[in-house]
$ cat start29.cif   # mmCIF, C-alpha atoms and all ligand atoms
data_upload
#
loop_
_atom_site.group_PDB
_atom_site.id
_atom_site.type_symbol
_atom_site.label_atom_id
_atom_site.label_comp_id
_atom_site.auth_asym_id
_atom_site.auth_seq_id
_atom_site.Cartn_x
_atom_site.Cartn_y
_atom_site.Cartn_z
ATOM 1 C CA MET J 1079 17.905 -4.012 -17.501
ATOM 2 C CA THR J 1080 16.446 -0.540 -17.617
ATOM 3 C CA THR J 1081 15.030 -1.025 -21.100
ATOM 4 C CA ALA J 1082 12.138 -3.213 -19.987
ATOM 5 C CA ARG J 1083 11.262 -0.713 -17.325
ATOM 6 C CA GLU J 1084 11.563 2.291 -19.633
ATOM 7 C CA LYS J 1085 9.333 0.626 -22.189
ATOM 8 C CA GLY J 1086 6.159 0.888 -20.121
ATOM 9 C CA ARG J 1087 6.832 4.421 -19.055
ATOM 10 C CA GLN J 1088 4.303 6.807 -20.426
ATOM 11 C CA ARG J 1089 2.334 9.677 -19.124
ATOM 12 C CA LEU J 1090 -0.711 8.653 -17.171
ATOM 13 C CA PRO J 1091 -3.526 11.190 -17.293
ATOM 14 C CA PHE J 1092 -4.227 12.274 -13.745
ATOM 15 C CA ARG J 1093 -7.543 14.098 -13.952
ATOM 16 C CA VAL J 1094 -9.903 11.816 -15.790
ATOM 17 C CA ASP J 1095 -13.609 11.544 -16.476
ATOM 18 C CA PRO J 1096 -14.169 7.943 -15.310
ATOM 19 C CA PHE J 1097 -17.557 7.703 -17.057
ATOM 20 C CA ARG J 1098 -16.097 8.649 -20.419
ATOM 21 C CA PHE J 1099 -13.096 6.357 -19.883
ATOM 22 C CA ALA J 1100 -15.469 3.518 -18.969
ATOM 23 C CA HIS J 1101 -17.625 4.206 -22.016
ATOM 24 C CA ASP J 1102 -14.511 4.141 -24.219
ATOM 25 C CA ALA J 1103 -13.163 1.032 -22.419
ATOM 26 C CA VAL J 1104 -9.833 2.777 -21.928
ATOM 27 C CA GLU J 1105 -6.906 0.606 -20.889
ATOM 28 C CA LEU J 1106 -3.736 2.086 -19.451
ATOM 29 C CA GLU J 1107 -0.312 0.660 -18.759
ATOM 30 C CA SER J 1108 2.242 2.805 -17.070
ATOM 31 C CA ALA J 1109 5.185 3.014 -14.724
ATOM 32 C CA LEU J 1110 4.560 5.811 -12.265
ATOM 33 C CA PRO J 1111 7.465 7.254 -10.277
ATOM 34 C CA LEU J 1112 6.856 6.716 -6.562
ATOM 35 C CA ALA J 1113 8.109 10.246 -5.975
ATOM 36 C CA GLN J 1114 4.943 11.578 -7.654
ATOM 37 C CA MET J 1115 2.880 10.150 -4.820
ATOM 38 C CA LYS J 1116 3.566 12.731 -2.154
ATOM 39 C CA ARG J 1117 1.658 11.206 0.757
ATOM 40 C CA LEU J 1118 3.151 7.795 0.105
ATOM 41 C CA SER J 1119 6.654 9.226 -0.401
ATOM 42 C CA ALA J 1120 6.459 10.811 3.024
ATOM 43 C CA MET J 1121 6.139 7.320 4.538
ATOM 44 C CA LEU J 1122 9.095 5.879 2.666
ATOM 45 C CA TYR J 1123 12.732 5.510 3.591
ATOM 46 C CA GLN J 1124 13.540 6.619 0.070
ATOM 47 C CA SER J 1125 11.164 7.267 -2.810
ATOM 48 C CA GLU J 1126 13.092 5.959 -5.768
ATOM 49 C CA GLY J 1127 11.394 3.394 -7.945
ATOM 50 C CA THR J 1128 8.175 3.121 -9.846
ATOM 51 C CA VAL J 1129 4.722 1.629 -9.592
ATOM 52 C CA THR J 1130 3.752 -0.646 -12.455
ATOM 53 C CA VAL J 1131 0.173 0.258 -13.241
ATOM 54 C CA SER J 1132 -2.227 -1.742 -15.333
ATOM 55 C CA LEU J 1133 -5.760 -0.378 -15.554
ATOM 56 C CA ALA J 1134 -8.956 -1.164 -17.450
ATOM 57 C CA PHE J 1135 -12.044 0.987 -17.402
ATOM 58 C CA ALA J 1136 -15.337 -0.645 -18.362
ATOM 59 C CA VAL J 1137 -19.080 -0.356 -18.106
ATOM 60 C CA ASP J 1138 -20.433 -3.348 -16.173
ATOM 61 C CA ILE J 1139 -23.609 -5.264 -17.035
ATOM 62 C CA LEU J 1140 -25.523 -3.167 -14.530
ATOM 63 C CA GLY J 1141 -24.333 0.005 -16.254
ATOM 64 C CA VAL J 1142 -21.876 0.864 -13.532
ATOM 65 C CA SER J 1143 -18.653 2.516 -14.674
ATOM 66 C CA SER J 1144 -15.799 0.582 -13.176
ATOM 67 C CA LEU J 1145 -12.044 0.570 -13.001
ATOM 68 C CA ARG J 1146 -10.190 -2.667 -12.404
ATOM 69 C CA GLY J 1147 -6.478 -3.001 -12.326
ATOM 70 C CA ARG J 1148 -3.298 -4.093 -10.732
ATOM 71 C CA LEU J 1149 -0.548 -2.155 -8.996
ATOM 72 C CA GLN J 1150 2.899 -3.569 -8.405
ATOM 73 C CA THR J 1151 5.817 -1.936 -6.733
ATOM 74 C CA SER J 1152 8.774 -2.480 -4.450
ATOM 75 C CA LEU J 1153 9.387 0.050 -1.770
ATOM 76 C CA ASP J 1154 11.251 0.750 1.434
ATOM 77 C CA LEU J 1155 9.135 1.629 4.431
ATOM 78 C CA VAL J 1156 10.637 2.737 7.724
ATOM 79 C CA CYS J 1157 10.608 0.020 10.366
ATOM 80 C CA GLN J 1158 8.901 1.505 13.419
ATOM 81 C CA ARG J 1159 11.105 -0.526 15.724
ATOM 82 C CA CYS J 1160 14.611 0.268 14.418
ATOM 83 C CA LEU J 1161 13.891 3.136 11.937
ATOM 84 C CA GLU J 1162 15.902 1.296 9.284
ATOM 85 C CA PRO J 1163 14.549 0.601 5.761
ATOM 86 C CA MET J 1164 12.126 -2.280 5.506
ATOM 87 C CA HIS J 1165 11.709 -3.663 2.027
ATOM 88 C CA ILE J 1166 8.257 -4.659 0.916
ATOM 89 C CA ASP J 1167 6.798 -5.894 -2.361
ATOM 90 C CA VAL J 1168 3.318 -4.655 -3.137
ATOM 91 C CA ASP J 1169 1.104 -6.466 -5.609
ATOM 92 C CA THR J 1170 -2.472 -5.393 -5.225
ATOM 93 C CA VAL J 1171 -5.604 -5.390 -7.319
ATOM 94 C CA LEU J 1172 -8.206 -2.688 -7.368
ATOM 95 C CA ALA J 1173 -11.846 -2.754 -8.344
ATOM 96 C CA LEU J 1174 -13.617 0.586 -8.165
ATOM 97 C CA GLY J 1175 -17.133 1.596 -9.116
ATOM 98 C CA PHE J 1176 -17.920 5.224 -9.917
ATOM 99 C CA ALA J 1177 -21.094 7.119 -9.099
ATOM 100 C CA ARG J 1178 -22.214 10.714 -9.545
ATOM 101 C CA SER J 1179 -24.528 10.760 -6.551
ATOM 102 C CA ASP J 1180 -25.239 9.051 -3.243
ATOM 103 C CA VAL J 1181 -28.079 7.173 -4.920
ATOM 104 C CA GLY J 1182 -25.636 6.001 -7.567
ATOM 105 C CA VAL J 1183 -23.238 4.845 -4.867
ATOM 106 C CA GLU J 1184 -25.974 2.565 -3.497
ATOM 107 C CA GLN J 1185 -26.327 0.909 -6.889
ATOM 108 C CA ILE J 1186 -22.702 -0.124 -7.089
ATOM 109 C CA PRO J 1187 -22.353 -3.892 -6.634
ATOM 110 C CA SER J 1188 -20.537 -4.982 -3.497
ATOM 111 C CA GLU J 1189 -17.467 -6.342 -5.294
ATOM 112 C CA LEU J 1190 -16.594 -2.793 -6.321
ATOM 113 C CA GLU J 1191 -15.288 -0.176 -3.953
ATOM 114 C CA PRO J 1192 -17.556 2.855 -4.464
ATOM 115 C CA VAL J 1193 -16.044 6.166 -5.491
ATOM 116 C CA ARG J 1194 -18.215 9.271 -5.428
ATOM 117 C CA VAL J 1195 -17.244 11.467 -8.387
ATOM 118 C CA GLU J 1196 -17.348 15.234 -7.886
ATOM 119 C CA ASN J 1197 -17.535 17.572 -10.891
ATOM 120 C CA GLY J 1198 -17.308 14.669 -13.325
ATOM 121 C CA GLN J 1199 -13.635 13.982 -12.655
ATOM 122 C CA VAL J 1200 -11.410 11.898 -10.450
ATOM 123 C CA ASP J 1201 -7.750 12.268 -9.672
ATOM 124 C CA LEU J 1202 -6.320 8.978 -10.845
ATOM 125 C CA LEU J 1203 -3.001 9.521 -9.105
ATOM 126 C CA GLN J 1204 -4.754 10.059 -5.761
ATOM 127 C CA LEU J 1205 -6.890 6.969 -6.248
ATOM 128 C CA LEU J 1206 -3.900 4.786 -7.055
ATOM 129 C CA GLU J 1207 -1.920 6.228 -4.186
ATOM 130 C CA ASP J 1208 -4.819 5.423 -1.831
ATOM 131 C CA GLU J 1209 -4.875 1.839 -3.058
ATOM 132 C CA ILE J 1210 -1.164 1.363 -2.448
ATOM 133 C CA MET J 1211 -1.371 2.916 0.999
ATOM 134 C CA LEU J 1212 -4.225 0.563 1.867
ATOM 135 C CA ALA J 1213 -2.039 -2.381 0.888
ATOM 136 C CA LEU J 1214 0.733 -1.398 3.324
ATOM 137 C CA PRO J 1215 0.992 -2.567 6.913
ATOM 138 C CA GLN J 1216 -0.389 0.031 9.336
ATOM 139 C CA ILE J 1217 2.683 -0.200 11.538
ATOM 140 C CA PRO J 1218 5.616 -1.403 9.422
ATOM 141 C CA ARG J 1219 8.033 -3.577 11.393
ATOM 142 C CA HIS J 1220 10.670 -6.066 10.400
ATOM 143 C CA VAL J 1221 9.963 -9.589 11.487
ATOM 144 C CA GLU J 1222 11.620 -10.095 14.838
ATOM 145 C CA ASN J 1223 14.818 -11.875 13.779
ATOM 146 C CA GLU J 1224 15.468 -9.503 10.839
ATOM 147 C CA CYS J 1225 15.173 -6.320 12.851
ATOM 148 C CA PRO J 1226 18.427 -4.762 14.068
ATOM 149 C CA ALA J 1227 16.521 -3.520 17.110
ATOM 150 C CA SER J 1228 15.141 -6.920 17.994
ATOM 151 C CA ALA J 1229 18.102 -7.513 20.275
ATOM 152 C CA LEU J 1230 16.587 -4.845 22.505
ATOM 153 C CA GLN J 1231 13.255 -6.570 22.525
ATOM 154 C CA THR J 1232 12.892 -9.058 25.307
ATOM 155 C CA ASN J 1233 11.217 -11.927 23.610
ATOM 156 C CA MET J 1234 11.321 -15.638 24.307
ATOM 157 C CA ALA J 1235 11.699 -16.443 20.613
ATOM 158 C CA ASP J 1236 15.186 -14.977 20.228
ATOM 159 C CA GLU J 1237 16.291 -15.819 23.743
ATOM 160 C CA SER J 1238 19.088 -18.105 22.562
ATOM 161 C CA ALA J 1239 20.020 -16.140 19.428
ATOM 162 C CA ASP J 1240 21.002 -12.876 21.056
ATOM 163 C CA ARG J 1241 22.109 -13.880 24.520
ATOM 164 C CA GLU J 1242 25.343 -11.861 24.256
ATOM 165 C CA THR J 1243 23.780 -8.599 23.137
ATOM 166 C CA ARG J 1244 21.079 -8.739 25.699
ATOM 167 C CA SER J 1245 23.063 -9.637 28.748
ATOM 168 C CA GLN J 1246 22.662 -6.007 29.877
ATOM 169 C CA GLU J 1247 18.932 -6.277 29.260
ATOM 170 C CA ARG J 1248 18.263 -8.851 31.951
ATOM 171 C CA GLU J 1249 15.411 -6.939 33.515
ATOM 172 C CA ASN J 1250 12.472 -7.889 31.354
ATOM 173 C CA PRO J 1251 9.462 -5.627 31.913
ATOM 174 C CA PHE J 1252 7.197 -8.101 30.159
ATOM 175 C CA SER J 1253 8.167 -11.019 32.333
ATOM 176 C CA VAL J 1254 7.388 -8.810 35.334
ATOM 177 C CA LEU J 1255 3.972 -8.093 33.847
ATOM 178 C CA ALA J 1256 3.461 -11.753 33.075
ATOM 179 C CA GLY J 1257 4.311 -12.536 36.697
ATOM 180 C CA LEU J 1258 1.729 -10.015 37.917
ATOM 181 C CA LYS J 1259 -0.921 -11.493 35.637
ATOM 182 C CA LYS J 1260 -0.248 -14.991 36.904
ATOM 183 C CA SER J 1261 -0.593 -13.973 40.539
ATOM 184 C CA GLU J 1262 -3.937 -12.279 39.969
HETATM 185 ZN ZN ZN Q 1 13.498 -3.059 12.175
#

$ encode --input "start29.cif" --output "structure tokens"
Amino acid sequence: MTTAREKGRQRLPFRVDPFRFAHDAVELESALPLAQMKRLSAMLYQSEGTVTVSLAFAVDILGVSSLRGRLQTSLDLVCQRCLEPMHIDVDTVLALGFARSDVGVEQIPSELEPVRVENGQVDLLQLLEDEIMLALPQIPRHVENECPASALQTNMADESADRETRSQERENPFSVLAGLKKSE
């Protein structure tokens, strides 16, 4: 089982000149350890696993250097309701356009996300990490009936499911609020 995963594993260059890569039409396939993405790792329940990366640099018709690709991974976020692991599959595409100046940024077509390049280089790892983080829910939470803490939530939807557990939770602050709203 590991062989297929090992196969794609190769070293991804992190500091790259996107204009040169675009000119050379560089294509990259890699499996990046999640643990290398420090900001992302800090949000995870555990940072084992890899990100399957597939990237293609190109120069578009308009002369814009672009990077298109796909990122796939499986990771465990921390549910903000119960603090238990919450599994999520990420499969996201990216389409970036590179520019050396603000004027250049304005020339990037709207289907590309503009990236201003400083000193002729970008940090590929950072860029990919940003893309994955953008694909994650802002506040990760299990769906109601899969969350161990949902029994504490007073919600009409699981009223019948968790009657036992919640018998001590009779006082529902939301129903009080709802009552206030109605009487207004
Ligand atoms: Zn949960």

$ resolve_selection --input "start29.cif" --expression "the PyMOL selection byres (((chain J and resi 1169-1173) around 12) and not hetatm)" --output "PyMOL selection string"
chain J and resi 1129-1136+1138+1142-1153+1166-1168+1174-1176+1186-1193+1205-1214

$ resolve_selection --input "start29.cif" --expression "the PyMOL selection byres (((not hetatm)) within 6 of (chain Q and resi 1))" --output "PyMOL selection string"
chain J and resi 1157+1159-1160+1162+1219-1220+1225-1227

$ closest_residue --input "start29.cif" --among "J:Gln1185, J:Ser1228, J:Gln1158, J:Ser1108" --to "Leu1140 of chain J" --atoms "all atoms listed in the file"
J:Gln1185

$ atom_distance --input "start29.cif" --atom1 "atom CA of Glu1107 of chain J" --atom2 "atom CA of Pro1163 of chain J"
28.7 Å

$ closest_residue --input "start29.cif" --among "J:His1101, J:Asp1180, J:Glu1196, J:Gly1127" --to "Ala1113 of chain J" --atoms "only C-alpha atoms"
J:Gly1127

$ residues_around --input "start29.cif" --residues "Asp1201 of chain J" --least-positions-apart "6" --cutoff "10 Å" --atoms "only C-alpha atoms" --output "PyMOL selection string"
chain J and resi 1091-1096+1195

$ decode --input "start29.cif" --residues "segment 1087-1181 of chain J" --atoms "C-alpha atoms" --output "compact mmCIF listing (two decimals), in the first residue's frame"
# COMPACT_ATOMS: atom_id res chain seq x y z
CA ARG J 1087 7.63 11.29 -3.24
CA GLN J 1088 10.35 13.57 -4.42
CA ARG J 1089 11.84 16.78 -3.29
CA LEU J 1090 9.84 19.80 -4.27
CA PRO J 1091 11.93 22.93 -4.72
CA PHE J 1092 10.65 25.51 -2.27
CA ARG J 1093 12.21 28.76 -3.42
CA VAL J 1094 11.50 29.05 -7.10
CA ASP J 1095 11.68 31.67 -9.82
CA PRO J 1096 8.11 31.41 -11.15
CA PHE J 1097 8.96 33.29 -14.36
CA ARG J 1098 11.75 30.89 -15.25
CA PHE J 1099 9.61 27.88 -14.30
CA ALA J 1100 6.79 29.25 -16.47
CA HIS J 1101 9.17 29.86 -19.36
CA ASP J 1102 10.46 26.28 -19.04
CA ALA J 1103 6.90 24.91 -18.62
CA VAL J 1104 8.00 23.03 -15.52
CA GLU J 1105 5.65 20.35 -14.23
CA LEU J 1106 5.97 18.93 -10.73
CA GLU J 1107 4.43 15.95 -9.01
CA SER J 1108 5.13 15.39 -5.38
CA ALA J 1109 3.88 14.13 -2.05
CA LEU J 1110 4.63 16.74 0.57
CA PRO J 1111 4.58 15.78 4.25
CA LEU J 1112 1.91 17.79 6.06
CA ALA J 1113 4.37 18.27 8.90
CA GLN J 1114 6.44 20.55 6.64
CA MET J 1115 3.58 23.04 6.60
CA LYS J 1116 4.03 24.60 10.00
CA ARG J 1117 1.05 26.96 10.05
CA LEU J 1118 -1.27 24.25 8.81
CA SER J 1119 0.19 21.65 11.20
CA ALA J 1120 -0.62 23.93 14.10
CA MET J 1121 -4.31 23.67 13.19
CA LEU J 1122 -4.32 19.89 12.96
CA TYR J 1123 -5.16 17.21 15.48
CA GLN J 1124 -2.15 15.33 14.19
CA SER J 1125 0.10 16.18 11.26
CA GLU J 1126 0.85 12.79 9.80
CA GLY J 1127 0.11 12.29 6.13
CA THR J 1128 1.03 13.95 2.91
CA VAL J 1129 -0.32 16.37 0.35
CA THR J 1130 -0.41 15.06 -3.20
CA VAL J 1131 0.78 17.94 -5.33
CA SER J 1132 0.44 18.25 -9.06
CA LEU J 1133 1.65 21.51 -10.57
CA ALA J 1134 2.16 22.98 -14.03
CA PHE J 1135 3.83 26.28 -14.72
CA ALA J 1136 3.10 27.96 -18.05
CA VAL J 1137 3.17 31.24 -19.89
CA ASP J 1138 -0.39 32.18 -20.88
CA ILE J 1139 -1.41 33.72 -24.22
CA LEU J 1140 -1.25 37.16 -22.65
CA GLY J 1141 2.32 36.51 -21.53
CA VAL J 1142 1.37 36.04 -17.92
CA SER J 1143 3.38 33.46 -15.99
CA SER J 1144 0.95 31.14 -14.32
CA LEU J 1145 0.84 28.15 -12.05
CA ARG J 1146 -2.09 25.77 -12.19
CA GLY J 1147 -2.39 22.66 -10.17
CA ARG J 1148 -4.22 20.40 -7.83
CA LEU J 1149 -3.71 19.63 -4.16
CA GLN J 1150 -5.19 16.58 -2.49
CA THR J 1151 -4.88 15.54 1.09
CA SER J 1152 -6.69 13.97 4.01
CA LEU J 1153 -6.29 15.58 7.36
CA ASP J 1154 -7.66 15.77 10.87
CA LEU J 1155 -8.78 19.18 12.04
CA VAL J 1156 -9.88 19.84 15.60
CA CYS J 1157 -13.64 20.13 15.97
CA GLN J 1158 -14.30 23.44 17.71
CA ARG J 1159 -17.31 21.98 19.49
CA CYS J 1160 -15.88 18.79 21.04
CA LEU J 1161 -12.09 19.25 20.42
CA GLU J 1162 -11.95 15.75 18.94
CA PRO J 1163 -10.38 15.00 15.52
CA MET J 1164 -12.53 15.86 12.54
CA HIS J 1165 -11.53 14.12 9.35
CA ILE J 1166 -11.67 16.09 6.15
CA ASP J 1167 -10.68 15.35 2.56
CA VAL J 1168 -9.23 18.27 0.66
CA ASP J 1169 -9.19 18.32 -3.12
CA THR J 1170 -8.58 21.79 -4.40
CA VAL J 1171 -7.32 23.40 -7.57
CA LEU J 1172 -5.14 26.45 -7.77
CA ALA J 1173 -4.62 28.95 -10.54
CA LEU J 1174 -2.07 31.65 -9.79
CA GLY J 1175 -0.70 34.44 -11.94
CA PHE J 1176 2.67 35.99 -11.13
CA ALA J 1177 3.68 39.62 -11.49
CA ARG J 1178 6.81 41.59 -10.66
CA SER J 1179 5.03 44.87 -10.02
CA ASP J 1180 1.67 46.36 -9.11
CA VAL J 1181 1.18 47.26 -12.76
